[in-house]
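Raw contents of target-v3.txt, compact mmCIF, C-alpha atoms:
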```txt
# COMPACT_ATOMS: atom_id res chain seq x y z
CA MET A 1 -0.10 -29.86 18.28
CA VAL A 2 1.68 -27.49 15.87
CA SER A 3 1.27 -24.52 18.21
CA LYS A 4 2.78 -26.61 20.98
CA LEU A 5 5.77 -27.55 18.81
CA ILE A 6 6.42 -23.87 18.12
CA GLN A 7 5.94 -22.80 21.74
CA ASN A 8 8.21 -25.56 23.05
CA ASN A 9 10.89 -24.77 20.45
CA SER A 10 10.66 -28.39 19.30
CA ILE A 11 11.46 -27.49 15.71
CA CYS A 12 15.01 -27.22 14.44
CA ILE A 13 16.79 -26.77 11.11
CA TYR A 14 18.99 -29.28 9.32
CA PHE A 15 21.08 -28.47 6.26
CA GLN A 16 21.92 -30.54 3.19
CA PRO A 17 24.72 -29.27 0.92
CA ILE A 18 24.29 -28.59 -2.79
CA VAL A 19 27.45 -28.99 -4.85
CA SER A 20 28.84 -27.94 -8.21
CA ILE A 21 31.27 -30.45 -9.70
CA ARG A 22 32.75 -28.11 -12.30
CA SER A 23 33.27 -25.36 -9.71
CA ALA A 24 34.54 -28.02 -7.28
CA LYS A 25 32.74 -26.61 -4.26
CA VAL A 26 29.59 -26.43 -2.18
CA ILE A 27 27.45 -23.65 -3.65
CA GLY A 28 24.51 -23.78 -1.24
CA LEU A 29 22.58 -25.38 1.60
CA GLU A 30 18.96 -26.48 1.62
CA ALA A 31 17.22 -25.80 4.93
CA LEU A 32 15.08 -28.73 6.09
CA MET A 33 12.69 -28.75 9.02
CA ARG A 34 12.99 -31.37 11.77
CA ALA A 35 10.55 -31.67 14.68
CA TYR A 36 10.42 -33.73 17.87
CA ASP A 37 7.58 -34.75 20.16
CA GLU A 38 7.47 -34.43 23.95
CA ASN A 39 9.55 -37.63 24.26
CA ASN A 40 12.18 -36.20 21.93
CA GLU A 41 11.19 -38.70 19.24
CA PRO A 42 11.47 -37.43 15.64
CA LEU A 43 8.28 -36.50 13.81
CA SER A 44 7.97 -36.82 10.05
CA PRO A 45 8.11 -33.35 8.40
CA ILE A 46 5.29 -34.45 6.08
CA PHE A 47 3.17 -35.38 9.09
CA VAL A 48 3.87 -32.03 10.78
CA PHE A 49 2.95 -29.97 7.69
CA ASP A 50 -0.18 -32.10 7.12
CA GLN A 51 -1.16 -31.53 10.73
CA ALA A 52 -0.64 -27.79 10.26
CA LYS A 53 -3.13 -27.88 7.38
CA LYS A 54 -5.70 -29.60 9.59
CA GLU A 55 -5.16 -27.02 12.32
CA ASN A 56 -5.23 -24.14 9.82
CA LEU A 57 -1.71 -23.18 10.85
CA SER A 58 0.17 -23.78 7.59
CA PHE A 59 1.13 -20.14 7.14
CA GLU A 60 2.25 -19.73 10.76
CA LEU A 61 4.36 -22.91 10.68
CA ASP A 62 5.83 -22.01 7.31
CA LYS A 63 6.82 -18.53 8.47
CA TYR A 64 8.29 -19.87 11.73
CA VAL A 65 10.43 -22.45 9.90
CA ARG A 66 11.65 -19.81 7.42
CA MET A 67 12.66 -17.54 10.31
CA LYS A 68 14.57 -20.35 12.03
CA ALA A 69 16.34 -21.22 8.77
CA LEU A 70 17.34 -17.63 8.07
CA GLU A 71 18.63 -17.13 11.61
CA ARG A 72 20.85 -20.21 11.37
CA PHE A 73 22.03 -19.33 7.89
CA LYS A 74 23.09 -15.82 8.92
CA THR A 75 26.00 -17.12 11.01
CA ILE A 76 27.05 -19.52 8.22
CA LEU A 77 26.94 -16.74 5.63
CA GLU A 78 29.29 -14.61 7.72
CA GLU A 79 31.96 -17.27 7.20
CA ASN A 80 31.20 -17.92 3.50
CA LYS A 81 29.68 -14.96 1.66
CA GLU A 82 29.18 -16.99 -1.55
CA LEU A 83 26.80 -19.61 -0.14
CA LEU A 84 23.16 -19.78 -1.20
CA LEU A 85 20.31 -20.72 1.12
CA PHE A 86 17.69 -22.91 -0.58
CA LEU A 87 14.49 -22.17 1.31
CA ASN A 88 11.26 -24.16 0.94
CA PHE A 89 7.81 -22.85 1.66
CA GLU A 90 4.36 -24.38 1.52
CA SER A 91 3.57 -23.83 -2.16
CA HIS A 92 -0.15 -24.53 -1.80
CA LEU A 93 -0.41 -21.29 0.19
CA LEU A 94 -0.09 -19.41 -3.10
CA ASP A 95 -3.64 -20.46 -3.96
CA SER A 96 -4.84 -18.67 -0.81
CA LYS A 97 -5.69 -14.98 -0.45
CA ILE A 98 -2.48 -14.16 1.41
CA SER A 99 -0.84 -11.13 -0.17
CA LEU A 100 2.53 -11.66 -1.84
CA ALA A 101 4.26 -9.27 0.56
CA ASP A 102 2.84 -11.12 3.58
CA PHE A 103 4.99 -14.14 2.80
CA ALA A 104 7.64 -11.91 4.38
CA PHE A 105 10.72 -13.27 2.64
CA SER A 106 11.95 -9.70 2.10
CA ALA A 107 11.17 -8.50 5.61
CA LEU A 108 12.80 -11.44 7.34
CA ALA A 109 15.92 -11.26 5.15
CA ASN A 110 16.25 -7.51 5.66
CA GLU A 111 15.88 -7.80 9.44
CA LEU A 112 18.76 -10.29 9.53
CA GLY A 113 20.91 -8.47 6.98
CA ILE A 114 20.91 -11.34 4.49
CA PRO A 115 21.10 -10.17 0.84
CA PRO A 116 18.13 -11.48 -1.22
CA SER A 117 20.65 -12.64 -3.84
CA ARG A 118 21.80 -15.30 -1.36
CA ILE A 119 18.31 -16.81 -0.99
CA VAL A 120 16.75 -19.32 -3.38
CA ILE A 121 12.99 -19.68 -2.88
CA GLU A 122 11.93 -23.23 -3.74
CA ILE A 123 8.47 -23.72 -5.23
CA LYS A 124 6.67 -26.99 -5.90
CA GLU A 125 4.82 -25.71 -8.94
CA TYR A 126 2.67 -28.83 -9.32
CA GLN A 127 1.02 -28.02 -5.95
CA ILE A 128 -0.18 -24.65 -7.26
CA GLU A 129 -3.38 -24.55 -9.31
CA ASP A 130 -3.37 -20.85 -10.17
CA SER A 131 -0.70 -20.30 -12.86
CA ASP A 132 -1.19 -16.53 -12.85
CA ARG A 133 -0.68 -16.39 -9.09
CA LEU A 134 2.46 -18.52 -9.47
CA LYS A 135 3.91 -16.14 -12.05
CA GLN A 136 3.00 -13.06 -9.98
CA PHE A 137 4.74 -14.53 -6.94
CA CYS A 138 7.91 -15.38 -8.87
CA ASP A 139 8.03 -11.99 -10.59
CA PHE A 140 7.42 -10.20 -7.28
CA TYR A 141 10.36 -11.84 -5.53
CA LYS A 142 12.69 -11.88 -8.54
CA GLU A 143 12.23 -8.11 -8.79
CA ARG A 144 13.40 -7.87 -5.18
CA GLY A 145 16.58 -9.82 -5.91
CA PHE A 146 15.60 -13.31 -4.76
CA LEU A 147 16.37 -16.41 -6.82
CA ILE A 148 13.60 -18.83 -7.76
CA ALA A 149 13.87 -22.62 -8.04
CA LEU A 150 11.22 -25.08 -9.16
CA ASP A 151 11.45 -27.94 -6.68
CA ASP A 152 10.77 -31.65 -7.30
CA PHE A 153 10.27 -31.00 -11.00
CA GLY A 154 9.01 -34.12 -12.73
CA ALA A 155 7.07 -35.30 -9.66
CA GLY A 156 3.30 -35.11 -9.39
CA ASN A 157 1.71 -33.42 -12.39
CA ALA A 158 4.69 -31.25 -13.28
CA ASN A 159 3.91 -28.90 -16.16
CA PHE A 160 6.69 -28.29 -18.67
CA ASP A 161 5.01 -25.06 -19.85
CA ARG A 162 5.53 -23.55 -16.41
CA ILE A 163 9.31 -23.55 -16.85
CA SER A 164 9.01 -20.99 -19.64
CA THR A 165 6.22 -19.10 -17.82
CA VAL A 166 8.04 -18.76 -14.50
CA ARG A 167 11.57 -18.51 -15.92
CA PRO A 168 13.19 -19.90 -12.77
CA HIS A 169 16.89 -19.52 -12.07
CA ILE A 170 17.17 -23.18 -11.07
CA VAL A 171 15.13 -26.32 -11.83
CA LYS A 172 15.54 -29.12 -9.29
CA VAL A 173 14.78 -32.40 -11.05
CA ASP A 174 12.99 -34.90 -8.83
CA ARG A 175 14.64 -38.10 -7.63
CA SER A 176 12.04 -40.16 -9.50
CA ILE A 177 13.64 -39.09 -12.80
CA VAL A 178 17.27 -39.12 -11.67
CA PHE A 179 16.88 -42.62 -10.20
CA ASN A 180 18.73 -45.25 -12.24
CA VAL A 181 19.22 -42.76 -15.10
CA HIS A 182 22.42 -44.56 -16.14
CA GLN A 183 20.45 -47.74 -16.90
CA ASN A 184 16.98 -46.42 -17.78
CA PHE A 185 16.86 -45.01 -21.32
CA ILE A 186 13.46 -43.36 -20.73
CA HIS A 187 14.68 -41.55 -17.60
CA LYS A 188 17.80 -40.44 -19.48
CA GLU A 189 15.76 -38.99 -22.36
CA ILE A 190 13.35 -37.21 -19.97
CA LEU A 191 16.26 -35.75 -18.00
CA LYS A 192 17.97 -34.73 -21.24
CA SER A 193 14.79 -32.98 -22.45
CA ILE A 194 14.35 -31.11 -19.16
CA ALA A 195 18.00 -30.07 -19.19
CA ASN A 196 17.87 -28.84 -22.80
CA MET A 197 14.71 -26.83 -22.14
CA CYS A 198 16.24 -25.23 -19.05
CA PHE A 199 19.51 -24.38 -20.78
CA ASN A 200 17.57 -22.72 -23.61
CA ILE A 201 15.93 -20.29 -21.17
CA GLY A 202 19.04 -19.77 -19.08
CA ALA A 203 18.07 -21.88 -16.06
CA LEU A 204 20.48 -24.14 -14.18
CA VAL A 205 19.55 -27.78 -13.59
CA LEU A 206 20.03 -29.49 -10.25
CA ALA A 207 19.73 -33.27 -9.91
CA GLU A 208 18.02 -34.05 -6.59
CA GLY A 209 18.32 -37.16 -4.47
CA VAL A 210 21.42 -38.62 -6.09
CA GLU A 211 22.42 -41.80 -4.30
CA GLU A 212 24.54 -43.65 -6.86
CA GLU A 213 27.85 -42.64 -8.40
CA GLU A 214 26.63 -43.63 -11.87
CA GLU A 215 23.56 -41.38 -11.57
CA ILE A 216 25.87 -38.41 -11.04
CA LEU A 217 28.21 -39.38 -13.89
CA ARG A 218 25.33 -39.83 -16.33
CA SER A 219 23.86 -36.47 -15.30
CA LEU A 220 27.25 -34.80 -15.80
CA LYS A 221 27.33 -36.28 -19.30
CA LEU A 222 24.05 -34.41 -19.93
CA ASP A 223 25.80 -31.16 -18.82
CA ILE A 224 24.03 -31.09 -15.44
CA ASP A 225 26.45 -29.69 -12.88
CA LEU A 226 24.51 -29.14 -9.63
CA PHE A 227 23.75 -32.04 -7.28
CA GLN A 228 22.10 -32.77 -3.95
CA GLY A 229 21.68 -36.14 -2.34
CA PHE A 230 22.84 -38.82 0.05
CA TRP A 231 25.88 -39.73 -2.11
CA PHE A 232 27.40 -36.40 -1.14
CA ALA A 233 25.89 -35.86 2.31
CA ARG A 234 22.78 -36.50 4.35
CA PRO A 235 20.90 -33.63 6.03
CA SER A 236 22.60 -32.73 9.27
CA GLY A 237 22.22 -30.44 12.24
CA SER A 238 25.77 -29.25 11.58
CA VAL A 239 26.65 -27.51 8.32
CA TYR A 240 28.88 -29.98 6.45
CA GLU A 241 32.32 -31.54 6.66
CA LYS A 242 34.29 -29.51 4.11
CA THR A 243 37.27 -31.87 3.75
CA PHE A 244 35.02 -34.91 3.28
CA LEU A 245 32.87 -33.15 0.68
CA ASP A 246 35.86 -31.71 -1.16
CA GLU A 247 37.23 -35.24 -1.51
CA LYS A 248 33.94 -36.56 -2.89
CA ILE A 249 33.63 -33.69 -5.36
CA ALA A 250 37.23 -34.18 -6.52
CA TYR A 251 36.67 -37.92 -6.88
CA ILE A 252 33.54 -37.59 -9.02
CA GLY A 253 35.16 -34.83 -11.07
CA ALA A 254 38.14 -37.07 -11.84
CA LYS A 255 35.83 -39.96 -12.77
CA HIS A 256 33.89 -37.68 -15.12
CA THR A 257 37.12 -36.53 -16.78
CA GLN A 258 38.17 -40.16 -17.26
CA ASN A 259 34.78 -40.96 -18.80
CA VAL A 260 35.00 -38.03 -21.21
CA LYS A 261 38.46 -39.15 -22.35
CA ALA A 262 37.29 -42.76 -22.69
CA SER A 263 34.25 -41.63 -24.68
CA MET A 264 36.45 -39.62 -27.05
CA GLN A 265 38.79 -42.57 -27.50
CA LEU A 266 35.86 -44.91 -28.11
CA LYS A 267 34.42 -42.58 -30.74
CA GLU A 268 37.79 -42.37 -32.49
CA PHE A 269 38.03 -46.17 -32.38
CA LEU A 270 34.52 -46.53 -33.80
CA ILE A 271 35.26 -44.14 -36.64
CA GLU A 272 38.52 -45.86 -37.55
CA SER A 273 36.88 -49.30 -37.34
CA ALA A 274 33.91 -48.16 -39.42
CA LYS A 275 36.29 -46.73 -42.02
CA THR A 276 37.85 -50.18 -42.30
CA TYR A 277 34.45 -51.85 -42.74
CA THR A 278 33.29 -49.36 -45.35
CA HIS A 279 36.61 -49.56 -47.25
CA THR A 280 36.28 -53.34 -47.48
CA ILE A 281 32.66 -53.14 -48.64
CA ILE A 282 33.29 -50.29 -51.12
CA GLU A 283 36.25 -52.13 -52.65
CA ALA A 284 34.06 -55.21 -53.13
CA ILE A 285 31.39 -53.08 -54.80
CA LYS A 286 33.95 -51.45 -57.11
CA THR A 287 36.07 -54.49 -58.03
CA THR A 288 33.50 -57.29 -58.16
CA HIS A 289 30.36 -55.19 -58.73
CA LYS A 290 28.93 -56.95 -55.70
CA THR A 291 25.29 -56.05 -55.07
CA ASP A 292 24.39 -58.61 -52.39
CA LEU A 293 26.08 -57.20 -49.28
CA SER A 294 24.52 -59.59 -46.76
CA ASP A 295 27.79 -61.53 -46.36
CA PHE A 296 29.36 -58.52 -44.69
CA LEU A 297 26.74 -58.70 -41.90
CA LYS A 298 28.27 -62.03 -40.92
CA GLU A 299 31.85 -60.86 -41.45
CA PHE A 300 31.41 -57.76 -39.29
CA ASP A 301 29.09 -58.67 -36.41
CA ILE A 302 28.84 -55.06 -35.23
CA ILE A 303 26.95 -54.08 -38.40
CA GLU A 304 23.17 -54.33 -38.13
CA ALA A 305 22.24 -52.93 -41.54
CA ILE A 306 23.87 -51.84 -44.82
CA TYR A 307 22.39 -49.60 -47.51
CA CYS A 308 23.53 -47.24 -50.23
CA ILE A 309 22.31 -43.71 -51.05
CA ASP A 310 22.79 -41.42 -54.07
CA ALA A 311 24.98 -38.59 -52.70
CA ASN A 312 23.22 -35.93 -54.76
CA THR A 313 19.56 -36.80 -54.28
CA GLY A 314 19.49 -38.78 -51.03
CA ILE A 315 17.52 -41.55 -52.77
CA GLN A 316 18.34 -45.07 -51.63
CA GLU A 317 19.69 -47.38 -54.33
CA GLY A 318 18.77 -51.00 -53.66
CA ASP A 319 17.19 -52.48 -50.56
CA THR A 320 18.62 -52.57 -47.03
CA PHE A 321 20.56 -55.63 -45.93
CA ILE A 322 19.75 -56.23 -42.26
CA SER A 323 20.89 -58.82 -39.72
CA VAL A 324 17.85 -58.82 -37.42
CA ASP A 325 14.21 -59.76 -37.78
CA THR A 326 11.78 -56.91 -38.40
CA ASN A 327 8.03 -56.53 -37.88
CA GLU A 328 5.17 -54.52 -39.30
CA PHE A 329 6.05 -51.45 -37.26
CA PHE A 330 9.83 -51.44 -37.68
CA GLN A 331 10.81 -51.84 -41.32
CA PRO A 332 14.13 -51.14 -43.09
CA ALA A 333 14.24 -48.50 -45.83
CA ARG A 334 13.70 -49.77 -49.36
CA ASN A 335 14.95 -49.00 -52.84
CA GLY A 336 13.76 -45.52 -53.83
CA ASP A 337 13.24 -44.20 -50.26
CA ASN A 338 14.40 -40.64 -49.60
CA HIS A 339 17.09 -39.96 -46.95
CA ALA A 340 17.76 -36.34 -47.91
CA LEU A 341 16.57 -34.90 -44.58
CA LYS A 342 18.52 -37.33 -42.42
CA GLU A 343 21.47 -35.84 -40.59
CA TYR A 344 23.93 -38.54 -41.59
CA PHE A 345 23.12 -37.88 -45.26
CA TYR A 346 23.43 -34.11 -45.52
CA ILE A 347 26.40 -33.82 -43.15
CA THR A 348 28.32 -36.54 -45.03
CA LYS A 349 27.41 -34.92 -48.33
CA GLU A 350 28.85 -31.53 -47.26
CA SER A 351 31.70 -32.81 -45.09
CA LYS A 352 35.27 -32.39 -46.33
CA ARG A 353 36.11 -35.68 -44.59
CA GLY A 354 33.37 -37.42 -46.54
CA ASN A 355 32.15 -39.40 -43.54
CA TYR A 356 30.05 -39.01 -40.40
CA LEU A 357 29.24 -41.00 -37.25
CA SER A 358 25.79 -40.20 -35.85
CA GLN A 359 24.70 -40.04 -32.23
CA LYS A 360 22.80 -42.99 -30.78
CA TYR A 361 19.18 -43.28 -31.90
CA ILE A 362 16.36 -45.82 -32.21
CA SER A 363 16.57 -47.47 -35.61
CA ARG A 364 13.35 -47.35 -37.63
CA ALA A 365 14.52 -50.55 -39.28
CA SER A 366 14.82 -52.69 -36.15
CA GLY A 367 13.58 -50.69 -33.13
CA ARG A 368 17.00 -51.10 -31.54
CA MET A 369 19.58 -48.54 -30.50
CA CYS A 370 22.18 -47.89 -33.18
CA ARG A 371 24.58 -45.36 -34.65
CA THR A 372 24.96 -44.78 -38.38
CA PHE A 373 28.34 -44.41 -40.03
CA ALA A 374 28.12 -42.88 -43.50
CA GLN A 375 31.00 -42.83 -46.02
CA LYS A 376 31.01 -41.00 -49.34
CA PHE A 377 32.61 -42.74 -52.34
CA VAL A 378 32.64 -42.57 -56.14
CA LEU A 379 31.34 -45.38 -58.34
CA GLU A 380 31.44 -45.00 -62.12
CA ASP A 381 31.83 -41.21 -61.82
CA LYS A 382 28.81 -40.91 -59.53
CA GLU A 383 28.97 -40.03 -55.85
CA LYS A 384 27.36 -42.52 -53.49
CA ILE A 385 27.08 -42.76 -49.70
CA LEU A 386 27.47 -46.15 -48.04
CA CYS A 387 25.60 -46.32 -44.69
CA LEU A 388 26.29 -48.80 -41.91
CA ASP A 389 23.96 -49.03 -38.90
CA LEU A 390 26.18 -50.13 -35.99
CA LYS A 391 24.79 -52.01 -33.00
CA VAL A 392 25.12 -49.90 -29.86
CA GLN A 393 24.91 -52.77 -27.40
CA THR A 394 28.21 -54.17 -28.69
CA LEU A 395 30.11 -50.86 -28.62
```
Can you give me the file's structure in the form of structure tokens?
Amino acid sequence: MVSKLIQNNSICIYFQPIVSIRSAKVIGLEALMRAYDENNEPLSPIFVFDQAKKENLSFELDKYVRMKALERFKTILEENKELLLFLNFESHLLDSKISLADFAFSALANELGIPPSRIVIEIKEYQIEDSDRLKQFCDFYKERGFLIALDDFGAGNANFDRISTVRPHIVKVDRSIVFNVHQNFIHKEILKSIANMCFNIGALVLAEGVEEEEEILRSLKLDIDLFQGFWFARPSGSVYEKTFLDEKIAYIGAKHTQNVKASMQLKEFLIESAKTYTHTIIEAIKTTHKTDLSDFLKEFDIIEAIYCIDANTGIQEGDTFISVDTNEFFQPARNGDNHALKEYFYITKESKRGNYLSQKYISRASGRMCRTFAQKFVLEDKEKILCLDLKVQTL
């Protein structure tokens, strides 16, 4: 069947654009294979590649599709010299005895006059068992000027160690992780971890399969700038509609800017509000020598917990007053516990402002998301730090 598809020229190339929001432009196109049967009915690409495996024609099909993609891309590149071609190949072939040169990326690109620096070779690393072979392949083609991307990262049995081993230029995060990232805390933390690891080794991160506006905005908040997915454009036999895409990129960029401004304003509001809460509580401690602070949990509903720390030692003075039920696993800190290594302690201690608002984190006291506001003050000639755990869900 596969030989017949090739002979009958029943295979064509579609393109899906890849965009950069901060650069406000399309930076590349992914080439995608499409095939049709004798009745001109579409065949699933997965089915075609699976059939090629059965017929022992994976390498031949893969090479044919690459050639078709490069030929189509050549004419596009002549009009836009900055575009990148994202080119898939059957990654499982790396576990075969085919020589690295025989994959013919270099030969095909040279024949068509396409600079290797314009081609991104996409690898599904989880399909490759031989890690040494994977590294050899990537090094071989990087030395010849090609770019390397790990495709569908996070799908299958993706191995985080392989990011540092391969040192790809781009990591394409799979749709399964990007999906619903704005509402799924676990997905957000996984995406954040992947992004941080990639940034530390100098790799760009691309969010694949974005379909919702909020998925893109949340990814942008994690400093991810490259996107591919239906929200921007579906794969098409034509290249892409520039005006339409420019409008979508401009729209999402403006929304992101609005969100950044709103986030900054919210943080300023939180800090000013928290200063008011702490001032009220500190004045009560100073003027009435109040030690039971539980009343303030009712007065200020946003506060989940209140506790006081010695500003020199980091040792908690008195127990924690908390507004929620706890269990055996999540327990509030107690009198005498040490907070010296906690960020909100040592930053507040050294800060000229004398206060600090932490990032969101899971409270060890309640198991809920919170932020801690810490305020330094003096009581009877001794420096103290008043800490308020603020409920995130009400922010």
Neighbour list for segment 21-24 of chain A as an MDAnalysis selection string, cut-off 9 Å, all atoms listed in the file, skip fewer than 6 positions in-chain: chainID A and resid 220 225:227 246 249:250 252:253
Written file, previous selection with C-alpha atoms, as a short mmCIF file (atom, residue, chain, number, x, y, z; two decimals), in the frame of the given file:
```cif
data_model
loop_
_atom_site.label_atom_id
_atom_site.label_comp_id
_atom_site.auth_asym_id
_atom_site.auth_seq_id
_atom_site.Cartn_x
_atom_site.Cartn_y
_atom_site.Cartn_z
CA LEU A 220 27.25 -34.80 -15.80
CA ASP A 225 26.45 -29.69 -12.88
CA LEU A 226 24.51 -29.14 -9.63
CA PHE A 227 23.75 -32.04 -7.28
CA ASP A 246 35.86 -31.71 -1.16
CA ILE A 249 33.63 -33.69 -5.36
CA ALA A 250 37.23 -34.18 -6.52
CA ILE A 252 33.54 -37.59 -9.02
CA GLY A 253 35.16 -34.83 -11.07
#
```
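Protein, DNA and RNA residues at most 10 Å from (33.5, -36.8, -41.1), with all atoms listed in the file, are these: Ile271, Tyr344, Ile347, Thr348, Lys349, Glu350, Ser351, Lys352, Arg353, Gly354, Asn355, Tyr356, Leu357, Ser358, Phe373, Ala374, Gln375 and Lys376 of chain A.
Ranking A:Ile282, A:Thr291, A:Ser106, A:Leu217 by their shortest atom-to-atom distance to Ala254 of chain A, with all atoms listed in the file included, puts A:Leu217 first.
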Show which residues sit within 10 Å of Leu270 of chain A, as a compact mmCIF listing (two decimals) with C-alpha atoms, in the coordinates of the input. Count only C-alpha atoms, and ignore same-chain residues fewer than 5 positions away.
```txt
# COMPACT_ATOMS: atom_id res chain seq x y z
CA MET A 264 36.45 -39.62 -27.05
CA GLN A 265 38.79 -42.57 -27.50
CA LYS A 275 36.29 -46.73 -42.02
CA THR A 276 37.85 -50.18 -42.30
CA LEU A 357 29.24 -41.00 -37.25
CA PHE A 373 28.34 -44.41 -40.03
CA LEU A 390 26.18 -50.13 -35.99
CA LEU A 395 30.11 -50.86 -28.62
```
Distance in Å - atom CA of Leu84 of chain A versus atom CA of Ile119 of chain A: 5.7 Å
Expected answer as number ranges by chain: all residues with atoms within 12 Å of (18.5, -37.8, -51.5), only C-alpha atoms: A: 308-317, 335-346, 348-349, 383-385
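You will find atom CA of Thr326 of chain A at 27.0 Å from atom CA of Ile190 of chain A.
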